[in-house]
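Notes follow the structure.
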Amino acid sequence: MAIVKPMMTIRNAADRGHAKHGWLDSRHTFSFADYHDPEHMGFRSLRVINDDRVAGGQGFGAHSHRDMEIISYVLEGELSHKDSMGTGETIRPGDVQRMSAGTGVQHSEFNGSKKDEVHFLQIWLIPSKQGIKPGYEQKMFTEADKRGKLRLVASPDGQDGSITVHTDGKLYAGLFTGGQAAELAIGRGRGAWLHVAKGKVRINGTELSAGDAASFENESSIRIEGVADGEVLAFDLA
């Protein structure tokens, strides 16, 4: 019987796609818009991680999406959201927002401040089923919820107070400084993607900094250790 070896693959921040439009500075972990790299089209059901910085008073005008689970995770500043479902919300650090585009939805996203930059991650997950009814959900997770541990913030069934995503995947968020550590168990046949949003952490012994990421195949667990005020997002995917 063939031996399946664990595999950890690093995606360095500097190797991501980059788009700069004056008011928008965006880094693309996976192929997006004018950035196309056939070797980085996504990971399992994870299709997009855009690391966006939007200048004060600027933003994305009304545009359409369909058949995608879209998560917004604000790191600094405020993001104002409006959509064709009648939703109007402001997303701040600690909030996790999910919009299910389903059969089709229009939305806009603008910097909630006229002068301060907003820094956020926009994440797209491919849904398990197409053509669902569009939907919206937003929840706050405090620093205490995430300090020194991985807090489940999104799951298919809303487990432990997480938001619901319509795909076979879970999203965890954690904050780690020196001396803090946590482990994520990975089930057989599943994969994991870990994105460092801020600071520095050590992943299975390898130090990663803001914007760096790593994928994991055939691993039973991932160990995350704090180095310097690290903030991480970890995806457990079918």
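Lettering and numbering for the structure tokens are positional, with chains as A, B, ... in the shown order, residues counted from 1 in each chain, and ligands counted from 1 in the shown order.
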_Env of Gln97 of chain A: 6 Å cut, atoms = only C-alpha atoms, seq-sep filter 6 positions within chain, self excluded. Answer as a ChimeraX atom specification._
/A:71-72,137-138
Go ahead and write the selection's residues with C-alpha atoms as an mmCIF file, in the first residue's frame.
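The result, stored in again-v5.cif:
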data_model
loop_
_atom_site.group_PDB
_atom_site.id
_atom_site.type_symbol
_atom_site.label_atom_id
_atom_site.label_comp_id
_atom_site.auth_asym_id
_atom_site.auth_seq_id
_atom_site.Cartn_x
_atom_site.Cartn_y
_atom_site.Cartn_z
ATOM 1 C CA ILE A 71 -17.154 36.445 3.879
ATOM 2 C CA SER A 72 -15.818 39.863 4.908
ATOM 3 C CA GLU A 137 -25.522 37.059 8.456
ATOM 4 C CA GLN A 138 -23.117 39.003 10.684
#
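Close contacts of Gly77 of chain A, defined as residues with an atom at most 10 Å away when counting only C-alpha atoms, with chain neighbours fewer than 4 positions off set aside, comprise Arg53, Val54, Gly56, Ile91, Arg92, Pro93, Asn111, Gly112, Ser113, Asp116, Glu117, Val118, His119 and Phe120 of chain A.
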_With distances taken over only C-alpha atoms, which residue among A:Thr142, A:Thr90, A:Gln180, A:Thr164 lies nearest Val201 of chain A?_
A:Gln180
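With distances restricted to only C-alpha atoms, A:Asp15 is the closest residue to Ala213 of chain A from A:Asp15, A:Phe141, A:Lys149, A:Ser64.
Excluding Met140 of chain A itself and any same-chain residue fewer than 5 positions from it, the protein and nucleic acid residues within 12 Å of it, counting only C-alpha atoms, are Tyr73, Val74, Thr90, Ile91, Arg92, Pro93, Gly94, Asp95, Val96, Gln97, Arg98, Asp145, Lys146, Arg151, Leu152, Val153, Ala154, Gly161, Ser162, Ile163 and Ala173 of chain A.
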*asked:* Using DSSP assignments from the backbone, pull out every residue in segment 27-200 of chain A that falls under strand (DSSP E or B) and give it to me as a PyMOL selection string.
replied: chain A and resi 27-28+32+35+43+46-54+59-65+69-76+79-83+88-91+95-100+105-111+118-125+135-140+147+151-155+163-164+169-176+178+181-185+191-200
